[in-house]
$ cat structure.cif   # mmCIF, C-alpha atoms
data_query
loop_
_atom_site.group_PDB
_atom_site.id
_atom_site.type_symbol
_atom_site.label_atom_id
_atom_site.label_comp_id
_atom_site.auth_asym_id
_atom_site.auth_seq_id
_atom_site.Cartn_x
_atom_site.Cartn_y
_atom_site.Cartn_z
ATOM 1 C CA MET A 137 -27.674 5.693 12.228
ATOM 2 C CA ALA A 138 -25.100 3.061 11.545
ATOM 3 C CA ASP A 139 -25.032 1.194 8.267
ATOM 4 C CA SER A 140 -25.178 -1.998 10.200
ATOM 5 C CA GLU A 141 -28.610 -1.019 11.399
ATOM 6 C CA ASP A 142 -29.820 -0.288 7.914
ATOM 7 C CA PRO A 143 -31.403 -3.374 6.409
ATOM 8 C CA GLN A 144 -31.473 -1.710 3.002
ATOM 9 C CA ARG A 145 -27.708 -1.588 2.763
ATOM 10 C CA SER A 146 -26.021 -4.183 0.632
ATOM 11 C CA ILE A 147 -22.403 -4.968 -0.027
ATOM 12 C CA ALA A 148 -21.392 -6.771 -3.172
ATOM 13 C CA ARG A 149 -18.011 -8.145 -4.042
ATOM 14 C CA LEU A 150 -16.816 -7.103 -7.468
ATOM 15 C CA ASN A 151 -15.188 -9.524 -9.837
ATOM 16 C CA VAL A 152 -11.791 -8.838 -11.367
ATOM 17 C CA ASP A 153 -13.233 -7.569 -14.658
ATOM 18 C CA GLU A 154 -15.447 -5.105 -12.811
ATOM 19 C CA CYS A 155 -12.476 -3.981 -10.717
ATOM 20 C CA LEU A 156 -10.315 -3.432 -13.806
ATOM 21 C CA ALA A 157 -13.091 -1.458 -15.475
ATOM 22 C CA LEU A 158 -13.424 0.797 -12.430
ATOM 23 C CA LEU A 159 -9.649 1.224 -12.172
ATOM 24 C CA GLY A 160 -9.697 2.426 -15.761
ATOM 25 C CA HIS A 161 -12.144 5.183 -14.917
ATOM 26 C CA ARG A 162 -10.102 6.968 -12.280
ATOM 27 C CA VAL A 163 -6.788 8.782 -12.362
ATOM 28 C CA VAL A 164 -5.846 9.208 -8.710
ATOM 29 C CA GLY A 165 -5.207 6.331 -6.321
ATOM 30 C CA ARG A 166 -3.307 5.784 -3.085
ATOM 31 C CA VAL A 167 -0.320 3.553 -2.591
ATOM 32 C CA ALA A 168 0.228 2.009 0.847
ATOM 33 C CA PHE A 169 3.590 0.540 1.756
ATOM 34 C CA ILE A 170 5.572 -0.340 4.833
ATOM 35 C CA CYS A 171 8.109 2.278 5.827
ATOM 36 C CA GLY A 172 9.971 2.033 9.109
ATOM 37 C CA ASP A 173 7.706 1.183 12.020
ATOM 38 C CA GLY A 174 4.496 1.064 10.049
ATOM 39 C CA PRO A 175 2.570 1.824 6.914
ATOM 40 C CA ALA A 176 2.577 5.023 4.872
ATOM 41 C CA ILE A 177 0.173 6.186 2.163
ATOM 42 C CA VAL A 178 0.843 8.472 -0.792
ATOM 43 C CA PRO A 179 -1.612 9.633 -3.451
ATOM 44 C CA VAL A 180 -0.508 9.135 -7.044
ATOM 45 C CA ASN A 181 -1.735 9.700 -10.556
ATOM 46 C CA TYR A 182 -1.822 6.333 -12.227
ATOM 47 C CA LEU A 183 -2.663 4.457 -15.381
ATOM 48 C CA LEU A 184 -3.466 0.851 -16.066
ATOM 49 C CA ASP A 185 -1.026 -0.572 -18.580
ATOM 50 C CA GLU A 186 -1.093 -4.200 -19.637
ATOM 51 C CA GLY A 187 -2.596 -5.292 -16.355
ATOM 52 C CA THR A 188 -0.189 -3.327 -14.189
ATOM 53 C CA VAL A 189 -0.691 -0.077 -12.283
ATOM 54 C CA VAL A 190 1.883 2.488 -13.429
ATOM 55 C CA PHE A 191 2.698 5.766 -11.710
ATOM 56 C CA ARG A 192 5.491 8.296 -11.605
ATOM 57 C CA THR A 193 7.500 9.372 -8.640
ATOM 58 C CA THR A 194 10.601 11.277 -7.778
ATOM 59 C CA TYR A 195 13.709 9.904 -6.156
ATOM 60 C CA GLY A 196 13.372 9.733 -2.407
ATOM 61 C CA THR A 197 11.649 7.809 0.319
ATOM 62 C CA THR A 198 8.799 6.340 -1.677
ATOM 63 C CA LEU A 199 10.979 5.121 -4.503
ATOM 64 C CA ASP A 200 13.720 3.879 -2.186
ATOM 65 C CA THR A 201 11.174 1.986 -0.125
ATOM 66 C CA ILE A 202 9.086 0.352 -2.815
ATOM 67 C CA GLY A 203 11.078 0.544 -6.028
ATOM 68 C CA SER A 204 12.777 -2.822 -5.743
ATOM 69 C CA GLY A 205 10.075 -5.365 -5.174
ATOM 70 C CA ALA A 206 8.296 -4.202 -2.014
ATOM 71 C CA ARG A 207 4.782 -5.352 -1.324
ATOM 72 C CA VAL A 208 2.275 -2.569 -1.725
ATOM 73 C CA ALA A 209 -1.469 -2.108 -1.642
ATOM 74 C CA PHE A 210 -3.059 0.321 -4.074
ATOM 75 C CA GLU A 211 -6.564 1.660 -3.544
ATOM 76 C CA VAL A 212 -9.053 3.588 -5.660
ATOM 77 C CA ASP A 213 -12.543 4.544 -4.571
ATOM 78 C CA ALA A 214 -15.590 6.668 -5.280
ATOM 79 C CA ILE A 215 -17.839 7.177 -2.292
ATOM 80 C CA ASP A 216 -20.840 9.446 -2.083
ATOM 81 C CA GLU A 217 -20.961 11.324 1.210
ATOM 82 C CA ALA A 218 -24.709 11.824 1.210
ATOM 83 C CA THR A 219 -25.769 8.263 0.535
ATOM 84 C CA HIS A 220 -22.594 6.461 1.599
ATOM 85 C CA SER A 221 -22.907 4.394 -1.517
ATOM 86 C CA GLY A 222 -19.899 3.762 -3.662
ATOM 87 C CA TRP A 223 -17.141 1.375 -4.467
ATOM 88 C CA SER A 224 -13.522 0.679 -3.718
ATOM 89 C CA VAL A 225 -10.963 -1.437 -5.499
ATOM 90 C CA VAL A 226 -7.691 -2.656 -3.997
ATOM 91 C CA VAL A 227 -4.736 -4.034 -5.931
ATOM 92 C CA ALA A 228 -2.164 -5.899 -3.851
ATOM 93 C CA GLY A 229 1.167 -6.853 -5.294
ATOM 94 C CA LYS A 230 4.814 -6.033 -5.681
ATOM 95 C CA ALA A 231 6.092 -2.687 -6.855
ATOM 96 C CA GLU A 232 9.145 -2.301 -9.023
ATOM 97 C CA GLU A 233 10.818 0.538 -10.774
ATOM 98 C CA ILE A 234 10.652 0.368 -14.548
ATOM 99 C CA TRP A 235 14.257 0.612 -15.682
ATOM 100 C CA ARG A 236 14.766 -1.489 -18.805
ATOM 101 C CA PRO A 237 15.276 1.019 -21.624
ATOM 102 C CA GLU A 238 12.539 -0.324 -23.898
ATOM 103 C CA GLU A 239 10.042 -0.531 -21.035
ATOM 104 C CA LEU A 240 10.971 2.925 -19.833
ATOM 105 C CA GLU A 241 10.461 4.285 -23.326
ATOM 106 C CA ARG A 242 7.016 2.736 -23.392
ATOM 107 C CA ALA A 243 6.181 4.169 -19.954
ATOM 108 C CA ARG A 244 7.294 7.641 -20.994
ATOM 109 C CA ASN A 245 4.852 7.531 -23.862
ATOM 110 C CA LEU A 246 1.893 6.789 -21.594
ATOM 111 C CA PRO A 247 -0.479 9.737 -21.077
ATOM 112 C CA LEU A 248 0.491 9.854 -17.430
ATOM 113 C CA GLN A 249 0.730 13.216 -15.742
ATOM 114 C CA PRO A 250 1.905 13.379 -12.146
ATOM 115 C CA TRP A 251 -0.388 15.615 -10.100
ATOM 116 C CA ALA A 252 2.547 16.990 -8.208
ATOM 117 C CA PRO A 253 5.334 19.059 -9.702
ATOM 118 C CA GLY A 254 8.977 18.152 -9.543
ATOM 119 C CA ASP A 255 11.124 15.907 -11.614
ATOM 120 C CA ARG A 256 9.128 12.708 -11.416
ATOM 121 C CA ALA A 257 11.306 10.913 -13.867
ATOM 122 C CA HIS A 258 10.995 7.541 -12.213
ATOM 123 C CA TYR A 259 8.270 5.127 -13.223
ATOM 124 C CA VAL A 260 6.997 2.445 -10.882
ATOM 125 C CA ARG A 261 4.613 -0.362 -11.682
ATOM 126 C CA ILE A 262 2.627 -2.637 -9.437
ATOM 127 C CA LEU A 263 2.425 -6.257 -10.525
ATOM 128 C CA PRO A 264 -0.895 -7.409 -9.075
ATOM 129 C CA SER A 265 -1.083 -10.584 -7.056
ATOM 130 C CA SER A 266 -4.697 -9.904 -6.174
ATOM 131 C CA ILE A 267 -7.397 -7.476 -7.265
ATOM 132 C CA SER A 268 -10.497 -7.133 -5.144
ATOM 133 C CA GLY A 269 -13.327 -4.702 -4.892
ATOM 134 C CA ARG A 270 -16.668 -4.092 -3.304
ATOM 135 C CA ARG A 271 -19.658 -1.969 -3.961
ATOM 136 C CA ILE A 272 -22.014 -0.624 -1.325
ATOM 137 C CA ASP A 273 -25.502 0.419 -2.360
ATOM 138 C CA MET B 285 5.599 28.707 3.058
ATOM 139 C CA PRO B 286 8.265 26.016 2.837
ATOM 140 C CA THR B 287 8.167 23.597 -0.042
ATOM 141 C CA ASP B 288 9.546 20.097 -0.307
ATOM 142 C CA ARG B 289 11.955 18.938 -3.004
ATOM 143 C CA ASN B 290 9.013 18.284 -5.315
ATOM 144 C CA GLY B 291 7.803 21.859 -5.122
ATOM 145 C CA LEU B 292 4.850 20.969 -2.938
ATOM 146 C CA THR B 293 3.936 23.313 -0.111
ATOM 147 C CA VAL B 294 4.560 21.693 3.268
ATOM 148 C CA LEU B 295 1.500 22.129 5.480
ATOM 149 C CA THR B 296 1.796 22.873 9.163
ATOM 150 C CA VAL B 297 0.252 20.488 11.683
ATOM 151 C CA ASP B 298 -2.449 23.093 12.381
ATOM 152 C CA GLU B 299 -3.358 23.245 8.707
ATOM 153 C CA CYS B 300 -3.428 19.468 8.512
ATOM 154 C CA MET B 301 -5.754 19.311 11.503
ATOM 155 C CA ARG B 302 -7.999 21.965 10.000
ATOM 156 C CA LEU B 303 -8.251 19.960 6.778
ATOM 157 C CA LEU B 304 -8.910 16.755 8.714
ATOM 158 C CA SER B 305 -11.779 18.396 10.546
ATOM 159 C CA SER B 306 -13.331 20.210 7.578
ATOM 160 C CA HIS B 307 -12.813 17.770 4.723
ATOM 161 C CA VAL B 308 -15.936 16.484 2.997
ATOM 162 C CA PRO B 309 -16.621 13.689 2.252
ATOM 163 C CA ARG B 310 -15.482 12.316 5.571
ATOM 164 C CA VAL B 311 -13.820 9.405 3.912
ATOM 165 C CA GLY B 312 -10.162 8.562 4.212
ATOM 166 C CA ARG B 313 -8.053 5.497 3.768
ATOM 167 C CA ILE B 314 -6.574 3.472 6.574
ATOM 168 C CA SER B 315 -3.523 1.295 6.092
ATOM 169 C CA PHE B 316 -2.185 -1.319 8.457
ATOM 170 C CA VAL B 317 0.132 -4.291 8.273
ATOM 171 C CA SER B 318 -1.253 -7.818 8.166
ATOM 172 C CA ASP B 319 0.996 -10.843 7.605
ATOM 173 C CA ASN B 320 3.860 -8.463 6.857
ATOM 174 C CA LYS B 321 1.894 -6.943 3.999
ATOM 175 C CA PRO B 322 0.334 -3.503 3.783
ATOM 176 C CA VAL B 323 -3.452 -3.406 3.603
ATOM 177 C CA ILE B 324 -5.490 -0.340 2.649
ATOM 178 C CA LEU B 325 -9.203 0.333 2.761
ATOM 179 C CA PRO B 326 -11.550 3.312 2.850
ATOM 180 C CA VAL B 327 -13.138 4.337 6.140
ATOM 181 C CA ASN B 328 -15.674 6.908 7.169
ATOM 182 C CA TYR B 329 -13.966 8.966 9.847
ATOM 183 C CA ALA B 330 -14.479 11.780 12.295
ATOM 184 C CA PHE B 331 -11.915 14.151 13.697
ATOM 185 C CA HIS B 332 -12.733 14.170 17.375
ATOM 186 C CA GLU B 333 -10.787 15.994 20.082
ATOM 187 C CA GLY B 334 -7.689 16.053 17.935
ATOM 188 C CA SER B 335 -7.784 12.433 16.869
ATOM 189 C CA VAL B 336 -8.975 10.508 13.833
ATOM 190 C CA VAL B 337 -11.758 8.142 14.899
ATOM 191 C CA PHE B 338 -13.461 5.439 12.852
ATOM 192 C CA ARG B 339 -15.388 2.248 13.384
ATOM 193 C CA THR B 340 -14.537 -1.318 12.584
ATOM 194 C CA ASP B 341 -16.170 -4.679 13.035
ATOM 195 C CA PRO B 342 -14.859 -7.204 15.520
ATOM 196 C CA GLY B 343 -13.232 -9.961 13.524
ATOM 197 C CA ALA B 344 -12.211 -7.690 10.672
ATOM 198 C CA LYS B 345 -8.508 -7.579 9.864
ATOM 199 C CA LEU B 346 -8.542 -3.935 10.814
ATOM 200 C CA SER B 347 -9.836 -4.854 14.235
ATOM 201 C CA ALA B 348 -6.690 -6.880 14.886
ATOM 202 C CA ALA B 349 -4.633 -3.770 14.152
ATOM 203 C CA SER B 350 -6.583 -1.763 16.713
ATOM 204 C CA GLY B 351 -4.681 -3.136 19.668
ATOM 205 C CA GLY B 352 -1.827 -0.684 19.391
ATOM 206 C CA GLU B 353 -0.452 -1.496 15.952
ATOM 207 C CA TYR B 354 0.996 1.210 13.736
ATOM 208 C CA VAL B 355 -1.413 2.494 11.122
ATOM 209 C CA ALA B 356 -1.494 5.243 8.529
ATOM 210 C CA PHE B 357 -4.514 7.313 7.609
ATOM 211 C CA GLU B 358 -4.731 9.520 4.551
ATOM 212 C CA VAL B 359 -7.213 12.041 3.196
ATOM 213 C CA ASP B 360 -6.802 14.046 0.056
ATOM 214 C CA SER B 361 -8.571 16.318 -2.366
ATOM 215 C CA ILE B 362 -6.947 16.251 -5.741
ATOM 216 C CA ASP B 363 -8.343 17.950 -8.796
ATOM 217 C CA THR B 364 -6.438 16.605 -11.746
ATOM 218 C CA THR B 365 -8.184 18.871 -14.211
ATOM 219 C CA TRP B 366 -7.014 22.000 -12.473
ATOM 220 C CA GLU B 367 -3.889 20.356 -11.168
ATOM 221 C CA GLU B 368 -4.292 21.391 -7.598
ATOM 222 C CA GLY B 369 -4.983 19.667 -4.358
ATOM 223 C CA TRP B 370 -3.698 18.527 -1.029
ATOM 224 C CA SER B 371 -3.140 15.406 1.012
ATOM 225 C CA VAL B 372 -2.726 14.798 4.725
ATOM 226 C CA LEU B 373 -1.147 11.738 6.324
ATOM 227 C CA VAL B 374 -1.626 10.707 9.955
ATOM 228 C CA GLN B 375 0.631 8.008 11.350
ATOM 229 C CA GLY B 376 0.438 6.459 14.774
ATOM 230 C CA ARG B 377 -0.964 3.615 16.798
ATOM 231 C CA ALA B 378 -4.562 2.500 16.617
ATOM 232 C CA GLU B 379 -6.416 1.758 19.797
ATOM 233 C CA GLU B 380 -9.957 0.735 20.487
ATOM 234 C CA VAL B 381 -11.947 3.198 22.569
ATOM 235 C CA THR B 382 -13.287 1.245 25.523
ATOM 236 C CA ASP B 383 -14.148 3.950 28.049
ATOM 237 C CA PRO B 384 -17.981 3.930 28.254
ATOM 238 C CA ASP B 385 -18.232 7.716 28.679
ATOM 239 C CA GLU B 386 -16.100 8.310 25.644
ATOM 240 C CA VAL B 387 -17.964 5.712 23.601
ATOM 241 C CA GLU B 388 -21.155 7.525 24.507
ATOM 242 C CA ARG B 389 -19.743 10.792 23.196
ATOM 243 C CA LEU B 390 -18.611 9.050 20.028
ATOM 244 C CA GLU B 391 -22.109 7.662 19.491
ATOM 245 C CA ASN B 392 -23.156 11.216 18.669
ATOM 246 C CA LEU B 393 -20.707 11.505 15.797
ATOM 247 C CA PRO B 394 -21.852 10.849 12.240
ATOM 248 C CA LEU B 395 -19.716 7.740 11.972
ATOM 249 C CA ARG B 396 -20.621 4.741 9.926
ATOM 250 C CA PRO B 397 -18.643 1.562 9.546
ATOM 251 C CA TRP B 398 -18.040 0.912 5.870
ATOM 252 C CA GLY B 399 -19.260 -2.620 6.051
ATOM 253 C CA PRO B 400 -21.737 -4.896 7.764
ATOM 254 C CA GLY B 401 -21.737 -5.936 11.375
ATOM 255 C CA PRO B 402 -23.870 -5.203 14.382
ATOM 256 C CA LYS B 403 -21.287 -4.129 16.945
ATOM 257 C CA ALA B 404 -18.679 -2.019 15.305
ATOM 258 C CA ALA B 405 -16.044 -0.807 17.730
ATOM 259 C CA TYR B 406 -14.646 2.716 17.848
ATOM 260 C CA VAL B 407 -10.986 3.034 17.022
ATOM 261 C CA ARG B 408 -8.816 6.103 17.565
ATOM 262 C CA ILE B 409 -5.440 6.863 16.066
ATOM 263 C CA MET B 410 -2.942 8.092 18.639
ATOM 264 C CA SER B 411 -0.924 10.096 16.178
ATOM 265 C CA THR B 412 2.836 10.298 16.343
ATOM 266 C CA ASP B 413 3.124 12.199 13.077
ATOM 267 C CA ILE B 414 0.789 14.415 11.052
ATOM 268 C CA SER B 415 2.056 15.765 7.749
ATOM 269 C CA GLY B 416 0.560 17.283 4.647
ATOM 270 C CA ARG B 417 1.310 18.744 1.261
ATOM 271 C CA ARG B 418 -0.484 21.183 -0.966
ATOM 272 C CA LEU B 419 -0.145 21.856 -4.640
ATOM 273 C CA ASP B 420 -1.184 25.419 -5.407
#
$ encode --input "structure.cif" --output "structure tokens"
Amino acid sequence: MADSEDPQRSIARLNVDECLALLGHRVVGRVAFICGDGPAIVPVNYLLDEGTVVFRTTYGTTLDTIGSGARVAFEVDAIDEATHSGWSVVVAGKAEEIWRPEELERARNLPLQPWAPGDRAHYVRILPSSISGRRID
Amino acid sequence: MPTDRNGLTVLTVDECMRLLSSHVPRVGRISFVSDNKPVILPVNYAFHEGSVVFRTDPGAKLSAASGGEYVAFEVDSIDTTWEEGWSVLVQGRAEEVTDPDEVERLENLPLRPWGPGPKAAYVRIMSTDISGRRLD
């Protein structure tokens, strides 16, 4: 049975405050960015800090691609398989590496653990240009 | 097992395909490019005859990407408490499934469009690259 055939199903748009609250309740999100011919997606551990999404990464493709002002889309969701109810929030904006010493010091003091090992000494933040979300019940 | 420079185990394509077919919930994220910007949204998917298949509404932005545009699809299972998990990334071109016989077979899959709309189309990713990582 498709959702579209289910008259009980409702989709609600979330306002920015609701989206920010939901973003604050999760720790893993996915960053989409354009790399070569098309998009790529990587999961990251993140934190909200002063209205930006902050995550750690290592040197390499992801950082090289997005670390200097690339447009990215960041997504967080919680979807129940059984009922197909849930929510998703998407933050669109520009990513930039945090490099100013005082900002880097602040970022290093965030309780932000990368889920992957390795020397993830680089910090990236997403400056949101839009935050949108929806809930399906 | 080989590891990448971050110490993550590099999964073989077979392992990635096994995870794609067994992962529950059957929810992943699809990314495509619209107006030169990346877009990402969750989709309910099925792994059917070696391809990721999902549904989308005509008129949706994603629908416009289903005419052969490059897309990326990601599923993961990450337990931050225990610090373990995996992720799989499928990259390739998206194409709408139009063959009536194939559409009929797809009708039997437990696929739901994550959104409203009466005539959601079936879209398949013709993968050019499947990669995955595991943290043990």
$ closest_residue --input "structure.cif" --among "A:Val208, A:Leu248, A:Leu263, A:Ala214" --to "Arg192 of chain A" --atoms "only C-alpha atoms"
A:Leu248
$ closest_residue --input "structure.cif" --among "A:Ala218, A:Val164, A:Leu246, A:Val226" --to "Gly269 of chain A" --atoms "only C-alpha atoms"
A:Val226
$ closest_residue --input "structure.cif" --among "A:Arg244, A:Arg271, A:Arg162, A:Arg207" --to "chain B" --atoms "all atoms listed in the file"
A:Arg207
$ resolve_selection --input "structure.cif" --expression "the PyMOL selection byres ((chain B and resi 290-303) around 6)" --output "list in words"
Pro253 and Gly254 of chain A; Pro286, Thr287, Asp288, Arg289, Leu304, Ser305, Ser306, His307, Gly416, Arg417, Arg418 and Leu419 of chain B
$ resolve_selection --input "structure.cif" --expression "the PyMOL selection byres ((chain A and resi 206) around 12)" --output "list of chain:residue names"
A:Val167, A:Ala168, A:Phe169, A:Ile170, A:Cys171, A:Thr198, A:Leu199, A:Asp200, A:Thr201, A:Ile202, A:Gly203, A:Ser204, A:Gly205, A:Arg207, A:Val208, A:Ala209, A:Ala228, A:Gly229, A:Lys230, A:Ala231, A:Glu232, A:Glu233, A:Val260, A:Arg261, A:Ile262, A:Leu263, B:Asn320, B:Lys321, B:Pro322
$ write_last_selection --input "structure.cif" --atoms "C-alpha atoms" --output "PDB file, keeping the file's coordinate frame"
ATOM      1  CA  VAL A 167      -0.320   3.553  -2.591  1.00  0.00           C
ATOM      2  CA  ALA A 168       0.228   2.009   0.847  1.00  0.00           C
ATOM      3  CA  PHE A 169       3.590   0.540   1.756  1.00  0.00           C
ATOM      4  CA  ILE A 170       5.572  -0.340   4.833  1.00  0.00           C
ATOM      5  CA  CYS A 171       8.109   2.278   5.827  1.00  0.00           C
ATOM      6  CA  THR A 198       8.799   6.340  -1.677  1.00  0.00           C
ATOM      7  CA  LEU A 199      10.979   5.121  -4.503  1.00  0.00           C
ATOM      8  CA  ASP A 200      13.720   3.879  -2.186  1.00  0.00           C
ATOM      9  CA  THR A 201      11.174   1.986  -0.125  1.00  0.00           C
ATOM     10  CA  ILE A 202       9.086   0.352  -2.815  1.00  0.00           C
ATOM     11  CA  GLY A 203      11.078   0.544  -6.028  1.00  0.00           C
ATOM     12  CA  SER A 204      12.777  -2.822  -5.743  1.00  0.00           C
ATOM     13  CA  GLY A 205      10.075  -5.365  -5.174  1.00  0.00           C
ATOM     14  CA  ARG A 207       4.782  -5.352  -1.324  1.00  0.00           C
ATOM     15  CA  VAL A 208       2.275  -2.569  -1.725  1.00  0.00           C
ATOM     16  CA  ALA A 209      -1.469  -2.108  -1.642  1.00  0.00           C
ATOM     17  CA  ALA A 228      -2.164  -5.899  -3.851  1.00  0.00           C
ATOM     18  CA  GLY A 229       1.167  -6.853  -5.294  1.00  0.00           C
ATOM     19  CA  LYS A 230       4.814  -6.033  -5.681  1.00  0.00           C
ATOM     20  CA  ALA A 231       6.092  -2.687  -6.855  1.00  0.00           C
ATOM     21  CA  GLU A 232       9.145  -2.301  -9.023  1.00  0.00           C
ATOM     22  CA  GLU A 233      10.818   0.538 -10.774  1.00  0.00           C
ATOM     23  CA  VAL A 260       6.997   2.445 -10.882  1.00  0.00           C
ATOM     24  CA  ARG A 261       4.613  -0.362 -11.682  1.00  0.00           C
ATOM     25  CA  ILE A 262       2.627  -2.637  -9.437  1.00  0.00           C
ATOM     26  CA  LEU A 263       2.425  -6.257 -10.525  1.00  0.00           C
TER      27      LEU A 263
ATOM     28  CA  ASN B 320       3.860  -8.463   6.857  1.00  0.00           C
ATOM     29  CA  LYS B 321       1.894  -6.943   3.999  1.00  0.00           C
ATOM     30  CA  PRO B 322       0.334  -3.503   3.783  1.00  0.00           C
TER      31      PRO B 322
END
$ closest_atom_pairs --input "structure.cif" --of "chain B" --to "chain A" --cutoff "8 Å" --atoms "only C-alpha atoms" --output "Markdown table"
| residue | atom | partner | partner_atom | distance |
| --- | --- | --- | --- | --- |
| B:Arg289 | CA | A:Gly254 | CA | 7.2 |
| B:Asn290 | CA | A:Gly254 | CA | 4.2 |
| B:Gly291 | CA | A:Gly254 | CA | 5.9 |
| B:Leu292 | CA | A:Ala252 | CA | 7.0 |
| B:Val308 | CA | A:Glu217 | CA | 7.4 |
| B:Pro309 | CA | A:Glu217 | CA | 5.1 |
| B:Arg310 | CA | A:Glu217 | CA | 7.1 |
| B:Val311 | CA | A:Ile215 | CA | 7.7 |
| B:Ser315 | CA | A:Pro175 | CA | 6.2 |
| B:Phe316 | CA | A:Pro175 | CA | 5.9 |
| B:Val317 | CA | A:Pro175 | CA | 6.7 |
| B:Lys321 | CA | A:Arg207 | CA | 6.3 |
| B:Pro322 | CA | A:Phe169 | CA | 5.6 |
| B:Val323 | CA | A:Ala209 | CA | 5.8 |
| B:Ile324 | CA | A:Ala209 | CA | 6.1 |
| B:Leu325 | CA | A:Glu211 | CA | 7.0 |
| B:Pro326 | CA | A:Ser224 | CA | 7.3 |
| B:Tyr354 | CA | A:Gly174 | CA | 5.1 |
| B:Val355 | CA | A:Pro175 | CA | 5.8 |
| B:Ala356 | CA | A:Ala176 | CA | 5.5 |
| B:Phe357 | CA | A:Ile177 | CA | 7.3 |
| B:Glu358 | CA | A:Ile177 | CA | 6.4 |
| B:Asp360 | CA | A:Pro179 | CA | 7.7 |
| B:Ile362 | CA | A:Val164 | CA | 7.7 |
| B:Thr364 | CA | A:Trp251 | CA | 6.3 |
| B:Glu367 | CA | A:Trp251 | CA | 6.0 |
| B:Glu368 | CA | A:Trp251 | CA | 7.4 |
| B:Ser371 | CA | A:Pro179 | CA | 7.5 |
| B:Leu373 | CA | A:Ile177 | CA | 7.1 |
| B:Gln375 | CA | A:Ala176 | CA | 7.4 |
| B:Pro394 | CA | A:Met137 | CA | 7.8 |
| B:Leu395 | CA | A:Ala138 | CA | 7.1 |
| B:Arg396 | CA | A:Ala138 | CA | 5.1 |
| B:Pro397 | CA | A:Asp139 | CA | 6.5 |
| B:Trp398 | CA | A:Asp139 | CA | 7.4 |
| B:Gly399 | CA | A:Ile147 | CA | 7.2 |
| B:Pro400 | CA | A:Ser140 | CA | 5.1 |
| B:Gly401 | CA | A:Ser140 | CA | 5.4 |
| B:Pro402 | CA | A:Ser140 | CA | 5.4 |
| B:Leu419 | CA | A:Ala252 | CA | 6.6 |
$ atom_distance --input "structure.cif" --atom1 "atom CA of Ser318 of chain B" --atom2 "atom CA of Ser411 of chain B"
19.6 Å
$ residues_near_point --input "structure.cif" --point "(-13.1, 8.6, 11.5)" --cutoff "9 Å" --atoms "only C-alpha atoms" --output "ChimeraX atom specification"
/B:310-312,327-332,335-339,395-396,406-408
$ atom_distance --input "structure.cif" --atom1 "atom CA of Gly334 of chain B" --atom2 "atom CA of Ile409 of chain B"
9.6 Å
$ atom_distance --input "structure.cif" --atom1 "atom CA of Gly376 of chain B" --atom2 "atom CA of Glu388 of chain B"
23.7 Å
$ closest_residue --input "structure.cif" --among "B:Leu346, B:Ile314, B:Met285, B:Val374" --to "Asp413 of chain B" --atoms "only C-alpha atoms"
B:Val374
$ resolve_selection --input "structure.cif" --expression "the PyMOL selection byres ((chain B and resi 342) around 8)" --output "compact mmCIF listing (two decimals) with C-alpha atoms, keeping the file's coordinate frame"
# COMPACT_ATOMS: atom_id res chain seq x y z
CA THR B 340 -14.54 -1.32 12.58
CA ASP B 341 -16.17 -4.68 13.04
CA GLY B 343 -13.23 -9.96 13.52
CA ALA B 344 -12.21 -7.69 10.67
CA SER B 347 -9.84 -4.85 14.24
CA LYS B 403 -21.29 -4.13 16.94
CA ALA B 404 -18.68 -2.02 15.30
CA ALA B 405 -16.04 -0.81 17.73
$ axis_aligned_box --input "structure.cif" --around "segment 286-304 of chain B" --padding-each-side "8 Å" --output "lines of an AutoDock Vina configuration file"
center_x = 1.5
center_y = 21.4
center_z = 3.5
size_x = 36.9
size_y = 25.3
size_z = 33.7
$ build_atoms --input "structure.cif" --residues "segment 411-419 of chain B" --atoms "N, CA and C atoms" --output "mmCIF file, in the coordinates of the input"
data_model
loop_
_atom_site.group_PDB
_atom_site.id
_atom_site.type_symbol
_atom_site.label_atom_id
_atom_site.label_comp_id
_atom_site.auth_asym_id
_atom_site.auth_seq_id
_atom_site.Cartn_x
_atom_site.Cartn_y
_atom_site.Cartn_z
ATOM 1 N N SER B 411 -1.876 9.719 17.217
ATOM 2 C CA SER B 411 -0.924 10.096 16.178
ATOM 3 C C SER B 411 0.457 10.390 16.746
ATOM 4 N N THR B 412 1.459 9.929 16.034
ATOM 5 C CA THR B 412 2.836 10.298 16.343
ATOM 6 C C THR B 412 3.365 11.267 15.285
ATOM 7 N N ASP B 413 2.687 11.302 14.141
ATOM 8 C CA ASP B 413 3.124 12.199 13.077
ATOM 9 C C ASP B 413 1.942 12.609 12.213
ATOM 10 N N ILE B 414 1.817 13.895 11.963
ATOM 11 C CA ILE B 414 0.789 14.415 11.052
ATOM 12 C C ILE B 414 1.511 15.299 10.048
ATOM 13 N N SER B 415 1.364 14.973 8.770
ATOM 14 C CA SER B 415 2.056 15.765 7.749
ATOM 15 C C SER B 415 1.129 15.972 6.555
ATOM 16 N N GLY B 416 1.415 17.011 5.801
ATOM 17 C CA GLY B 416 0.560 17.283 4.647
ATOM 18 C C GLY B 416 1.287 18.093 3.600
ATOM 19 N N ARG B 417 0.746 18.010 2.393
ATOM 20 C CA ARG B 417 1.310 18.744 1.261
ATOM 21 C C ARG B 417 0.198 19.392 0.481
ATOM 22 N N ARG B 418 0.488 20.521 -0.112
ATOM 23 C CA ARG B 418 -0.484 21.183 -0.966
ATOM 24 C C ARG B 418 0.175 21.595 -2.275
ATOM 25 N N LEU B 419 -0.576 21.378 -3.338
ATOM 26 C CA LEU B 419 -0.145 21.856 -4.640
ATOM 27 C C LEU B 419 -1.011 23.049 -4.996
#
